[in-house]
Amino acid sequence: MGQTGDRTLTHDSHSDALLPAEANRRMFDSIAERYDRLNHVLSLGLDRHWRRQAVRALQLTDQATVLDAGCGTGDLCLDILLSFPAARTIGIDPSEGMLMLARKKLHRSKCSSRSTFTTGDVTALTCEDDFFDGVISAFCIRNVCHRQAAFREIHRVLKPGSRVALLELTRPENALLRGGHCFFLRYIVPLLGALLSRGDAYHYLADSIQQFAKPQIVLDEMREAGLLDVQAQPLTGGIVTLFSGKA
Ligand SMILES: C[S@@+](CC[C@H](N)C(=O)[O-])C[C@H]1O[C@@H](n2cnc3c(N)ncnc32)[C@H](O)[C@@H]1O
């Protein structure tokens, strides 16, 4: 969820993200070791609850094969494999540092025989069409330079009728909550980031949440990519949104 700051933010008209893909990969490599701990601290442990909601939204069957796009350290894959003992997951991520931790985590949980982790980019997936019974992603899409390309790829690799569930950090609609959330992002997140991770930590996180598209725009993009029944469900007052749809 959280990220450290390469402060050369380069949001431009050709990109939906604040950092180019290579800078983003380096950033996640550099915080990988501390990512999980800071994630749980900053979300007050709520990240686990949000991930479970996303897994439920996929409406998986026992034998499902699921893609986790931007899998990071593998928490979503682990949730799926523990809940569905015959399921398989493929996690892709550009950051080898995050993937290494994901492999270790799944190995410790004795789920590694049903999981594969490989470097990859959600905007250019290497899998064949109509392959997955579900695509899931948490806190990744905000970092992706070309969201439309990502949604088209997700639609392409999903079997017809299968579902996608995407979690992303968003801003609450309620003005009071929004004020508190803004304060938290501007002051508390960078402070905790500095204490628990790299010195210049977690400014990017605040900036990228502030600039992220409104849920309605994300829904329009998902629809344009061919996804059906698209919905945006605010979680925890809207600090997170669960976007869902089906192929
Ligand atoms: C905030 S982390 C979330 C990790 C994990 N999903 C979780 O729930 O903790 C965002 C992840 O998205 C990955 N990412 C960034 N751009 C990506 C892209 N274009 N395709 C796939 N993953 C990407 C990053 O490397 C990083 O591991």
# chains A, B, ... in the order shown; residues from 1 in each chain; ligands from 1
call {"tool": "closest_atom_pairs", "arguments": {"of": "chain A", "to": "ligand 1", "cutoff": "7 Å", "atoms": "only C-alpha atoms and all ligand atoms", "output": "Markdown table"}}
result
| residue | atom | partner | partner_atom_place_in_ligand_line | distance |
| --- | --- | --- | --- | --- |
| A:Met1 | CA | ligand 1 | 1 (C) | 3.6 |
| A:Gly2 | CA | ligand 1 | 1 (C) | 5.6 |
| A:Gln3 | CA | ligand 1 | 1 (C) | 6.5 |
| A:Ala21 | CA | ligand 1 | 16 (N) | 6.3 |
| A:Asn24 | CA | ligand 1 | 15 (C) | 6.3 |
| A:Arg25 | CA | ligand 1 | 25 (O) | 5.3 |
| A:Phe28 | CA | ligand 1 | 25 (O) | 5.4 |
| A:Ala69 | CA | ligand 1 | 21 (C) | 5.3 |
| A:Gly70 | CA | ligand 1 | 22 (N) | 3.2 |
| A:Cys71 | CA | ligand 1 | 6 (N) | 4.1 |
| A:Gly72 | CA | ligand 1 | 27 (O) | 3.6 |
| A:Thr73 | CA | ligand 1 | 5 (C) | 6.0 |
| A:Gly74 | CA | ligand 1 | 5 (C) | 6.4 |
| A:Asp75 | CA | ligand 1 | 8 (O) | 6.1 |
| A:Leu76 | CA | ligand 1 | 8 (O) | 6.3 |
| A:Ile92 | CA | ligand 1 | 21 (C) | 6.2 |
| A:Asp93 | CA | ligand 1 | 22 (N) | 4.2 |
| A:Pro94 | CA | ligand 1 | 25 (O) | 5.1 |
| A:Ser95 | CA | ligand 1 | 25 (O) | 4.6 |
| A:Met98 | CA | ligand 1 | 27 (O) | 5.8 |
| A:Gly120 | CA | ligand 1 | 21 (C) | 6.1 |
| A:Asp121 | CA | ligand 1 | 20 (N) | 3.6 |
| A:Val122 | CA | ligand 1 | 20 (N) | 4.0 |
| A:Thr123 | CA | ligand 1 | 19 (N) | 5.9 |
| A:Ser137 | CA | ligand 1 | 6 (N) | 5.7 |
| A:Ala138 | CA | ligand 1 | 6 (N) | 4.1 |
| A:Phe139 | CA | ligand 1 | 1 (C) | 4.7 |
| A:Cys140 | CA | ligand 1 | 12 (O) | 3.9 |
| A:Asn143 | CA | ligand 1 | 16 (N) | 5.0 |
| A:Val144 | CA | ligand 1 | 19 (N) | 4.5 |
| A:Cys145 | CA | ligand 1 | 19 (N) | 6.7 |
call {"tool": "residues_around", "arguments": {"residues": "Ile90 in chain A", "least_positions_apart": "2", "cutoff": "10 Å", "atoms": "only C-alpha atoms", "output": "PyMOL selection string"}}
result
chain A and resi 65-69+71+74+77+88+92+114-118+132+135
call {"tool": "closest_residue", "arguments": {"among": "A:Ser244, A:Thr119, A:Ser30, A:Asn174", "to": "Leu58 in chain A", "atoms": "only C-alpha atoms"}}
result
A:Ser244
call {"tool": "residues_around", "arguments": {"residues": "range 153-157 of chain A", "least_positions_apart": "2", "cutoff": "7 Å", "atoms": "only C-alpha atoms", "output": "PDB file with all heavy atoms, in the first residue's frame"}}
result
ATOM      1  N   VAL A 122       1.072  -5.444 -15.826  1.00  0.00           N
ATOM      2  CA  VAL A 122      -0.357  -5.672 -16.078  1.00  0.00           C
ATOM      3  C   VAL A 122      -0.802  -5.040 -17.399  1.00  0.00           C
ATOM      4  O   VAL A 122      -1.835  -5.413 -17.953  1.00  0.00           O
ATOM      5  CB  VAL A 122      -1.214  -5.162 -14.887  1.00  0.00           C
ATOM      6  CG1 VAL A 122      -1.088  -3.660 -14.699  1.00  0.00           C
ATOM      7  CG2 VAL A 122      -2.660  -5.576 -15.037  1.00  0.00           C
ATOM      8  N   THR A 123      -0.017  -4.132 -17.955  1.00  0.00           N
ATOM      9  CA  THR A 123      -0.404  -3.528 -19.231  1.00  0.00           C
ATOM     10  C   THR A 123       0.055  -4.368 -20.427  1.00  0.00           C
ATOM     11  O   THR A 123      -0.270  -4.050 -21.563  1.00  0.00           O
ATOM     12  CB  THR A 123       0.167  -2.095 -19.392  1.00  0.00           C
ATOM     13  OG1 THR A 123       1.591  -2.169 -19.432  1.00  0.00           O
ATOM     14  CG2 THR A 123      -0.270  -1.192 -18.262  1.00  0.00           C
ATOM     15  N   ALA A 124       0.836  -5.405 -20.165  1.00  0.00           N
ATOM     16  CA  ALA A 124       1.334  -6.261 -21.262  1.00  0.00           C
ATOM     17  C   ALA A 124       1.489  -7.674 -20.725  1.00  0.00           C
ATOM     18  O   ALA A 124       2.597  -8.151 -20.513  1.00  0.00           O
ATOM     19  CB  ALA A 124       2.663  -5.729 -21.784  1.00  0.00           C
ATOM     20  N   LEU A 125       0.363  -8.347 -20.506  1.00  0.00           N
ATOM     21  CA  LEU A 125       0.403  -9.682 -19.914  1.00  0.00           C
ATOM     22  C   LEU A 125       0.822 -10.704 -20.966  1.00  0.00           C
ATOM     23  O   LEU A 125       0.487 -10.569 -22.151  1.00  0.00           O
ATOM     24  CB  LEU A 125      -0.980 -10.040 -19.354  1.00  0.00           C
ATOM     25  CG  LEU A 125      -1.450  -9.158 -18.187  1.00  0.00           C
ATOM     26  CD1 LEU A 125      -2.924  -9.426 -17.849  1.00  0.00           C
ATOM     27  CD2 LEU A 125      -0.583  -9.402 -16.955  1.00  0.00           C
ATOM     28  N   CYS A 127       0.057 -13.995 -20.741  1.00  0.00           N
ATOM     29  CA  CYS A 127      -0.812 -15.176 -20.766  1.00  0.00           C
ATOM     30  C   CYS A 127      -1.783 -15.113 -21.946  1.00  0.00           C
ATOM     31  O   CYS A 127      -2.057 -14.056 -22.501  1.00  0.00           O
ATOM     32  CB  CYS A 127      -1.599 -15.320 -19.477  1.00  0.00           C
ATOM     33  SG  CYS A 127      -1.387 -14.010 -18.316  1.00  0.00           S
ATOM     34  N   GLU A 128      -2.315 -16.310 -22.268  1.00  0.00           N
ATOM     35  CA  GLU A 128      -3.238 -16.384 -23.394  1.00  0.00           C
ATOM     36  C   GLU A 128      -4.610 -15.797 -23.044  1.00  0.00           C
ATOM     37  O   GLU A 128      -4.910 -15.562 -21.866  1.00  0.00           O
ATOM     38  CB  GLU A 128      -3.376 -17.834 -23.872  1.00  0.00           C
ATOM     39  CG  GLU A 128      -3.810 -18.780 -22.792  1.00  0.00           C
ATOM     40  CD  GLU A 128      -3.457 -20.236 -23.116  1.00  0.00           C
ATOM     41  OE1 GLU A 128      -2.268 -20.602 -23.076  1.00  0.00           O
ATOM     42  OE2 GLU A 128      -4.405 -20.990 -23.370  1.00  0.00           O
ATOM     43  N   ASP A 129      -5.438 -15.620 -24.052  1.00  0.00           N
ATOM     44  CA  ASP A 129      -6.789 -15.075 -23.868  1.00  0.00           C
ATOM     45  C   ASP A 129      -7.643 -16.053 -23.045  1.00  0.00           C
ATOM     46  O   ASP A 129      -7.408 -17.266 -23.079  1.00  0.00           O
ATOM     47  CB  ASP A 129      -7.504 -14.905 -25.226  1.00  0.00           C
ATOM     48  CG  ASP A 129      -6.795 -13.907 -26.130  1.00  0.00           C
ATOM     49  OD1 ASP A 129      -5.782 -13.331 -25.712  1.00  0.00           O
ATOM     50  OD2 ASP A 129      -7.268 -13.737 -27.269  1.00  0.00           O
ATOM     51  N   ASP A 130      -8.649 -15.549 -22.375  1.00  0.00           N
ATOM     52  CA  ASP A 130      -9.675 -16.357 -21.684  1.00  0.00           C
ATOM     53  C   ASP A 130      -9.049 -17.419 -20.780  1.00  0.00           C
ATOM     54  O   ASP A 130      -9.458 -18.585 -20.798  1.00  0.00           O
ATOM     55  CB  ASP A 130     -10.576 -17.093 -22.704  1.00  0.00           C
ATOM     56  CG  ASP A 130     -11.213 -16.148 -23.689  1.00  0.00           C
ATOM     57  OD1 ASP A 130     -11.244 -14.935 -23.418  1.00  0.00           O
ATOM     58  OD2 ASP A 130     -11.682 -16.619 -24.741  1.00  0.00           O
ATOM     59  N   PHE A 131      -8.065 -17.064 -20.024  1.00  0.00           N
ATOM     60  CA  PHE A 131      -7.309 -18.052 -19.241  1.00  0.00           C
ATOM     61  C   PHE A 131      -7.734 -18.130 -17.780  1.00  0.00           C
ATOM     62  O   PHE A 131      -7.801 -19.209 -17.189  1.00  0.00           O
ATOM     63  CB  PHE A 131      -5.810 -17.708 -19.336  1.00  0.00           C
ATOM     64  CG  PHE A 131      -4.920 -18.744 -18.726  1.00  0.00           C
ATOM     65  CD1 PHE A 131      -4.616 -19.912 -19.421  1.00  0.00           C
ATOM     66  CD2 PHE A 131      -4.397 -18.573 -17.455  1.00  0.00           C
ATOM     67  CE1 PHE A 131      -3.802 -20.889 -18.852  1.00  0.00           C
ATOM     68  CE2 PHE A 131      -3.575 -19.550 -16.877  1.00  0.00           C
ATOM     69  CZ  PHE A 131      -3.281 -20.708 -17.579  1.00  0.00           C
ATOM     70  N   PHE A 132      -8.048 -16.989 -17.171  1.00  0.00           N
ATOM     71  CA  PHE A 132      -8.225 -16.957 -15.712  1.00  0.00           C
ATOM     72  C   PHE A 132      -9.699 -16.999 -15.288  1.00  0.00           C
ATOM     73  O   PHE A 132     -10.570 -16.456 -15.956  1.00  0.00           O
ATOM     74  CB  PHE A 132      -7.575 -15.692 -15.139  1.00  0.00           C
ATOM     75  CG  PHE A 132      -6.071 -15.739 -15.194  1.00  0.00           C
ATOM     76  CD1 PHE A 132      -5.374 -15.028 -16.159  1.00  0.00           C
ATOM     77  CD2 PHE A 132      -5.354 -16.519 -14.298  1.00  0.00           C
ATOM     78  CE1 PHE A 132      -3.990 -15.085 -16.223  1.00  0.00           C
ATOM     79  CE2 PHE A 132      -3.969 -16.583 -14.350  1.00  0.00           C
ATOM     80  CZ  PHE A 132      -3.282 -15.867 -15.316  1.00  0.00           C
ATOM     81  N   VAL A 135      -9.400 -12.223 -11.842  1.00  0.00           N
ATOM     82  CA  VAL A 135      -8.220 -11.352 -11.765  1.00  0.00           C
ATOM     83  C   VAL A 135      -8.425 -10.437 -10.569  1.00  0.00           C
ATOM     84  O   VAL A 135      -9.500  -9.851 -10.391  1.00  0.00           O
ATOM     85  CB  VAL A 135      -8.020 -10.507 -13.047  1.00  0.00           C
ATOM     86  CG1 VAL A 135      -6.868  -9.515 -12.851  1.00  0.00           C
ATOM     87  CG2 VAL A 135      -7.744 -11.399 -14.253  1.00  0.00           C
ATOM     88  N   ALA A 149      -4.808   0.378 -20.830  1.00  0.00           N
ATOM     89  CA  ALA A 149      -4.125  -0.826 -21.344  1.00  0.00           C
ATOM     90  C   ALA A 149      -4.244  -1.950 -20.323  1.00  0.00           C
ATOM     91  O   ALA A 149      -4.442  -3.114 -20.673  1.00  0.00           O
ATOM     92  CB  ALA A 149      -2.659  -0.517 -21.632  1.00  0.00           C
ATOM     93  N   ALA A 150      -4.142  -1.617 -19.040  1.00  0.00           N
ATOM     94  CA  ALA A 150      -4.264  -2.632 -17.987  1.00  0.00           C
ATOM     95  C   ALA A 150      -5.672  -3.237 -18.010  1.00  0.00           C
ATOM     96  O   ALA A 150      -5.827  -4.466 -17.962  1.00  0.00           O
ATOM     97  CB  ALA A 150      -3.974  -2.004 -16.621  1.00  0.00           C
ATOM     98  N   PHE A 151      -6.680  -2.401 -18.110  1.00  0.00           N
ATOM     99  CA  PHE A 151      -8.059  -2.925 -18.098  1.00  0.00           C
ATOM    100  C   PHE A 151      -8.326  -3.785 -19.337  1.00  0.00           C
ATOM    101  O   PHE A 151      -9.012  -4.806 -19.255  1.00  0.00           O
ATOM    102  CB  PHE A 151      -9.070  -1.775 -18.013  1.00  0.00           C
ATOM    103  CG  PHE A 151      -9.016  -1.025 -16.702  1.00  0.00           C
ATOM    104  CD1 PHE A 151      -9.296   0.337 -16.640  1.00  0.00           C
ATOM    105  CD2 PHE A 151      -8.683  -1.669 -15.514  1.00  0.00           C
ATOM    106  CE1 PHE A 151      -9.248   1.023 -15.436  1.00  0.00           C
ATOM    107  CE2 PHE A 151      -8.636  -0.989 -14.310  1.00  0.00           C
ATOM    108  CZ  PHE A 151      -8.914   0.360 -14.276  1.00  0.00           C
ATOM    109  N   LYS A 159     -11.701 -15.452 -18.439  1.00  0.00           N
ATOM    110  CA  LYS A 159     -12.697 -16.282 -19.128  1.00  0.00           C
ATOM    111  C   LYS A 159     -14.022 -15.513 -19.147  1.00  0.00           C
ATOM    112  O   LYS A 159     -14.337 -14.816 -18.166  1.00  0.00           O
ATOM    113  CB  LYS A 159     -12.911 -17.595 -18.368  1.00  0.00           C
ATOM    114  CG  LYS A 159     -11.757 -18.554 -18.477  1.00  0.00           C
ATOM    115  CD  LYS A 159     -12.059 -19.818 -17.666  1.00  0.00           C
ATOM    116  CE  LYS A 159     -10.853 -20.718 -17.612  1.00  0.00           C
ATOM    117  NZ  LYS A 159     -10.970 -21.769 -16.599  1.00  0.00           N
ATOM    118  N   ALA A 225     -13.046  -0.742 -21.634  1.00  0.00           N
ATOM    119  CA  ALA A 225     -12.174  -1.891 -21.925  1.00  0.00           C
ATOM    120  C   ALA A 225     -12.984  -3.163 -22.174  1.00  0.00           C
ATOM    121  O   ALA A 225     -12.411  -4.211 -22.463  1.00  0.00           O
ATOM    122  CB  ALA A 225     -11.207  -2.107 -20.758  1.00  0.00           C
ATOM    123  N   GLY A 226     -14.304  -3.091 -22.032  1.00  0.00           N
ATOM    124  CA  GLY A 226     -15.154  -4.240 -22.330  1.00  0.00           C
ATOM    125  C   GLY A 226     -15.687  -4.942 -21.096  1.00  0.00           C
ATOM    126  O   GLY A 226     -16.421  -5.924 -21.205  1.00  0.00           O
ATOM    127  N   LEU A 227     -15.327  -4.475 -19.902  1.00  0.00           N
ATOM    128  CA  LEU A 227     -15.801  -5.138 -18.672  1.00  0.00           C
ATOM    129  C   LEU A 227     -17.274  -4.772 -18.431  1.00  0.00           C
ATOM    130  O   LEU A 227     -17.704  -3.652 -18.722  1.00  0.00           O
ATOM    131  CB  LEU A 227     -14.923  -4.730 -17.495  1.00  0.00           C
ATOM    132  CG  LEU A 227     -13.498  -5.291 -17.584  1.00  0.00           C
ATOM    133  CD1 LEU A 227     -12.532  -4.529 -16.680  1.00  0.00           C
ATOM    134  CD2 LEU A 227     -13.483  -6.789 -17.230  1.00  0.00           C
ATOM    135  N   ALA A 247     -16.064 -10.205 -17.164  1.00  0.00           N
ATOM    136  CA  ALA A 247     -15.761 -10.244 -18.607  1.00  0.00           C
ATOM    137  C   ALA A 247     -16.966 -10.754 -19.376  1.00  0.00           C
ATOM    138  O   ALA A 247     -17.843 -11.404 -18.799  1.00  0.00           O
ATOM    139  CB  ALA A 247     -14.580 -11.154 -18.837  1.00  0.00           C
TER     140      ALA A 247
END
call {"tool": "decode", "arguments": {"residues": "range 223-243 of chain A", "atoms": "N, CA, C and O atoms", "output": "PDB file, in the first residue's frame"}}
result
ATOM      1  N   ARG A 223     -15.350   0.031 -18.236  1.00  0.00           N
ATOM      2  CA  ARG A 223     -16.428  -0.244 -19.194  1.00  0.00           C
ATOM      3  C   ARG A 223     -15.898  -0.165 -20.626  1.00  0.00           C
ATOM      4  O   ARG A 223     -16.162  -1.035 -21.454  1.00  0.00           O
ATOM      5  N   GLU A 224     -15.119   0.879 -20.891  1.00  0.00           N
ATOM      6  CA  GLU A 224     -14.572   1.047 -22.245  1.00  0.00           C
ATOM      7  C   GLU A 224     -13.675  -0.119 -22.639  1.00  0.00           C
ATOM      8  O   GLU A 224     -13.554  -0.449 -23.818  1.00  0.00           O
ATOM      9  N   ALA A 225     -13.046  -0.742 -21.634  1.00  0.00           N
ATOM     10  CA  ALA A 225     -12.174  -1.891 -21.925  1.00  0.00           C
ATOM     11  C   ALA A 225     -12.984  -3.163 -22.174  1.00  0.00           C
ATOM     12  O   ALA A 225     -12.411  -4.211 -22.463  1.00  0.00           O
ATOM     13  N   GLY A 226     -14.304  -3.091 -22.032  1.00  0.00           N
ATOM     14  CA  GLY A 226     -15.154  -4.240 -22.330  1.00  0.00           C
ATOM     15  C   GLY A 226     -15.687  -4.942 -21.096  1.00  0.00           C
ATOM     16  O   GLY A 226     -16.421  -5.924 -21.205  1.00  0.00           O
ATOM     17  N   LEU A 227     -15.327  -4.475 -19.902  1.00  0.00           N
ATOM     18  CA  LEU A 227     -15.801  -5.138 -18.672  1.00  0.00           C
ATOM     19  C   LEU A 227     -17.274  -4.772 -18.431  1.00  0.00           C
ATOM     20  O   LEU A 227     -17.704  -3.652 -18.722  1.00  0.00           O
ATOM     21  N   LEU A 228     -18.009  -5.743 -17.898  1.00  0.00           N
ATOM     22  CA  LEU A 228     -19.454  -5.574 -17.687  1.00  0.00           C
ATOM     23  C   LEU A 228     -19.768  -5.424 -16.203  1.00  0.00           C
ATOM     24  O   LEU A 228     -18.948  -5.801 -15.359  1.00  0.00           O
ATOM     25  N   ASP A 229     -20.961  -4.941 -15.909  1.00  0.00           N
ATOM     26  CA  ASP A 229     -21.454  -4.834 -14.513  1.00  0.00           C
ATOM     27  C   ASP A 229     -20.425  -4.164 -13.601  1.00  0.00           C
ATOM     28  O   ASP A 229     -20.184  -4.636 -12.478  1.00  0.00           O
ATOM     29  N   VAL A 230     -19.775  -3.116 -14.057  1.00  0.00           N
ATOM     30  CA  VAL A 230     -18.707  -2.519 -13.250  1.00  0.00           C
ATOM     31  C   VAL A 230     -19.309  -1.741 -12.071  1.00  0.00           C
ATOM     32  O   VAL A 230     -20.340  -1.091 -12.193  1.00  0.00           O
ATOM     33  N   GLN A 231     -18.653  -1.867 -10.940  1.00  0.00           N
ATOM     34  CA  GLN A 231     -19.142  -1.216  -9.715  1.00  0.00           C
ATOM     35  C   GLN A 231     -17.978  -0.690  -8.901  1.00  0.00           C
ATOM     36  O   GLN A 231     -16.888  -1.265  -8.942  1.00  0.00           O
ATOM     37  N   ALA A 232     -18.248   0.373  -8.135  1.00  0.00           N
ATOM     38  CA  ALA A 232     -17.239   0.899  -7.210  1.00  0.00           C
ATOM     39  C   ALA A 232     -17.859   0.911  -5.824  1.00  0.00           C
ATOM     40  O   ALA A 232     -18.846   1.607  -5.593  1.00  0.00           O
ATOM     41  N   GLN A 233     -17.309   0.115  -4.916  1.00  0.00           N
ATOM     42  CA  GLN A 233     -17.851   0.027  -3.560  1.00  0.00           C
ATOM     43  C   GLN A 233     -16.879   0.689  -2.586  1.00  0.00           C
ATOM     44  O   GLN A 233     -15.749   0.224  -2.406  1.00  0.00           O
ATOM     45  N   PRO A 234     -17.297   1.815  -1.962  1.00  0.00           N
ATOM     46  CA  PRO A 234     -16.398   2.457  -1.001  1.00  0.00           C
ATOM     47  C   PRO A 234     -16.255   1.598   0.247  1.00  0.00           C
ATOM     48  O   PRO A 234     -17.250   1.081   0.764  1.00  0.00           O
ATOM     49  N   LEU A 235     -15.024   1.423   0.736  1.00  0.00           N
ATOM     50  CA  LEU A 235     -14.781   0.678   1.979  1.00  0.00           C
ATOM     51  C   LEU A 235     -14.182   1.641   3.000  1.00  0.00           C
ATOM     52  O   LEU A 235     -13.402   2.523   2.649  1.00  0.00           O
ATOM     53  N   THR A 236     -14.527   1.434   4.265  1.00  0.00           N
ATOM     54  CA  THR A 236     -13.998   2.255   5.368  1.00  0.00           C
ATOM     55  C   THR A 236     -14.131   3.747   5.031  1.00  0.00           C
ATOM     56  O   THR A 236     -13.148   4.507   5.011  1.00  0.00           O
ATOM     57  N   GLY A 237     -15.365   4.147   4.738  1.00  0.00           N
ATOM     58  CA  GLY A 237     -15.641   5.565   4.493  1.00  0.00           C
ATOM     59  C   GLY A 237     -15.109   6.074   3.169  1.00  0.00           C
ATOM     60  O   GLY A 237     -15.119   7.276   2.920  1.00  0.00           O
ATOM     61  N   GLY A 238     -14.616   5.187   2.329  1.00  0.00           N
ATOM     62  CA  GLY A 238     -14.135   5.604   1.007  1.00  0.00           C
ATOM     63  C   GLY A 238     -12.630   5.824   0.959  1.00  0.00           C
ATOM     64  O   GLY A 238     -12.112   6.292  -0.057  1.00  0.00           O
ATOM     65  N   ILE A 239     -11.906   5.469   2.027  1.00  0.00           N
ATOM     66  CA  ILE A 239     -10.439   5.599   1.940  1.00  0.00           C
ATOM     67  C   ILE A 239      -9.871   4.500   1.030  1.00  0.00           C
ATOM     68  O   ILE A 239      -8.740   4.604   0.566  1.00  0.00           O
ATOM     69  N   VAL A 240     -10.700   3.491   0.816  1.00  0.00           N
ATOM     70  CA  VAL A 240     -10.378   2.454  -0.168  1.00  0.00           C
ATOM     71  C   VAL A 240     -11.629   2.232  -1.008  1.00  0.00           C
ATOM     72  O   VAL A 240     -12.750   2.348  -0.507  1.00  0.00           O
ATOM     73  N   THR A 241     -11.439   1.962  -2.294  1.00  0.00           N
ATOM     74  CA  THR A 241     -12.582   1.585  -3.137  1.00  0.00           C
ATOM     75  C   THR A 241     -12.306   0.222  -3.745  1.00  0.00           C
ATOM     76  O   THR A 241     -11.195  -0.062  -4.186  1.00  0.00           O
ATOM     77  N   LEU A 242     -13.350  -0.604  -3.724  1.00  0.00           N
ATOM     78  CA  LEU A 242     -13.283  -1.915  -4.374  1.00  0.00           C
ATOM     79  C   LEU A 242     -13.994  -1.800  -5.723  1.00  0.00           C
ATOM     80  O   LEU A 242     -15.214  -1.631  -5.771  1.00  0.00           O
ATOM     81  N   PHE A 243     -13.214  -1.831  -6.795  1.00  0.00           N
ATOM     82  CA  PHE A 243     -13.769  -1.794  -8.154  1.00  0.00           C
ATOM     83  C   PHE A 243     -13.968  -3.229  -8.619  1.00  0.00           C
ATOM     84  O   PHE A 243     -13.058  -4.062  -8.458  1.00  0.00           O
TER      85      PHE A 243
END
